[in-house]
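A short worksheet on the structure shown next.
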Amino acid sequence: MLYYLFELLKKYDIPGQGLMTYFSFRAILANVIAIVVAYFFGKRVIKWLQKRQIGETVRNLGLEGQMSKAGTPTMGGVIIIVALLVAVLLVCDLSNVYVQLLILTTIWCGGLGFADDYIKVFKHNKEGLSEGKKLIGQFLLGIMIAGTVCFSPNIVVRQEVEQTEHISEAGVPTGEVDHGRYVSEDVIKSTKTTIPFVKSHEFDYKYLIPFKGAFGWYCRWALYALVIIFIILACSNGANLTDGMDGLSAGTSAIVGVVIGILAWLGGNVIDAGYLNIMYIPGSGETAVFMAAFVGALVGFLWFNTFPAQVFMGDTGSLMIGGVIGVSAVLIRKELLLPILCGIFLMESLSVILQRGHFRYTKRKYGEGRRLFLMAPLHHHFQKQNIPEPRIVVRFWLVGIVLAVGTLALLKIR
């Protein structure tokens, strides 16, 4: 609880006591703490898993190097969760509603994935938790997050208004004429979100509702809630499908986490938001500190998870990673950027959907199922072509970096 300790020291004239008031310092500190905890805690967890022979059971699917992974410790997602929570509890402002929702997501999705891994490893049931139960768990989380976003008075946005007088960084009129827009002090509950390629970078879900009055108001918030639930389900399952090669899911997710952290930082700063003409969300800057810890935990885990992996994250990690990414994007109103930013997750998910759909269609039409890909998810399609696993992973990382840079570039494309 370093944040609150420094708060108590404010009344004393101690050098450095104001450091915790800076998002930049706390973000760096959270990142470093998460990396260190993941490294030292990870070594202990791996030894404990190896001692008790808690390893991965592998089916022979004809993939190169696949059988060599048999017995590798799994459930390593616990390393990510512990490193993340330790850093967050030490550095973040725990009274912030955005941090509270992200902690809830971490524990909820991590617990859901842990239950799945526990059934697979200790109950020796390779199927684990059924898809239906996973979806119900994710849906319940989506309802809680959507309900909080829609009804909490602490989750608001600031309106932008036309300005005819220059406003200084301190918010004081200077008397100079400067036509444009600035962020007002009026906070509102809104269904607005960020969308690329338009002048104001804003889209309101009410545009999709043809009804007016009270009924239209209810329909607007209901639609927004459904979008939030869908985003959480899609991201959580997309990250889960991406977890199939050493370092693939952790590395890709770390890249996404960096971008979400940057967007949260900019959107939580009134000056930066005004300069970039993006939505200013009071209090959302704390999300940047959380995401710094999130990226640090993933980087620390990658120390053990890069090829050849010493430990697998399992559903304990993958479901949590996707949940955190989805919820954080929703909280900073950037969920409509996810198809670009999380393009790897999207491609992996679509490959599975298309493979299943095409197989069922051709089975009905021709009497035998045919496949679009050699194997799904997509990374296994390339593996079936005898491309070395490390090469596939690094290339996916490179695609993820290009998508991340493109997402940030959209801030200035309108």
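Simple scheme: letters A, B, ... for chains in structure tokens order, numbers from 1 for residues in each chain, numbers from 1 for ligands in the order shown.
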
Which residues come within 8 Å of region 27-41 of chain A, counting only C-alpha atoms, excluding same-chain residues fewer than 6 positions away, as an MDAnalysis selection string?
chainID A and resid 79:80 82:84 86:88 90:91 288:290 292:301 303

Show which residues sit within 9 Å of Ala115 (chain A), as an mmCIF file with C-alpha atoms, in the first residue's frame. Count only C-alpha atoms, and ignore same-chain residues fewer than 4 positions away.
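Writing done, so here's result_39.cif:
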```cif
data_model
loop_
_atom_site.group_PDB
_atom_site.id
_atom_site.type_symbol
_atom_site.label_atom_id
_atom_site.label_comp_id
_atom_site.auth_asym_id
_atom_site.auth_seq_id
_atom_site.Cartn_x
_atom_site.Cartn_y
_atom_site.Cartn_z
ATOM 1 C CA GLY A 110 -8.532 -16.009 -13.139
ATOM 2 C CA GLY A 111 -10.788 -18.060 -10.861
ATOM 3 C CA ILE A 119 -10.560 -30.129 -13.502
ATOM 4 C CA LYS A 120 -8.105 -30.955 -16.300
ATOM 5 C CA GLY A 128 -12.167 -29.240 -18.239
ATOM 6 C CA LEU A 129 -14.958 -26.797 -17.503
ATOM 7 C CA ASP A 315 -6.784 -21.090 -18.848
ATOM 8 C CA THR A 316 -5.927 -19.519 -15.482
#
```

Contact residues around Cys109 (chain A) with only C-alpha atoms at 12 Å, ignoring same-chain residues under 5 positions, as an MDAnalysis selection string:
chainID A and resid 77:78 81 101:104 114:116 134:142 232:233 235:237 239:240 315:327

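CA of Phe359 (chain A) sits 27.8 Å away from CA of Arg395 (chain A).
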
Go through region 95-169 of chain A and collect every residue that DSSP, computed from the backbone, puts in helix (DSSP H, G or I); the answer should be as JSON, numbers by chain.
{"A": [97, 98, 99, 100, 101, 102, 103, 104, 105, 106, 107, 108, 109, 110, 111, 112, 113, 114, 115, 116, 117, 118, 119, 120, 121, 131, 132, 133, 134, 135, 136, 137, 138, 139, 140, 141, 142, 143, 144, 145, 146, 147, 148, 149, 150, 151]}

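Here the question is which of A:Arg370, A:Thr362, A:Thr287, A:Glu7 gets nearest to Val258 (chain A) using only C-alpha atoms, and that residue is A:Thr287.
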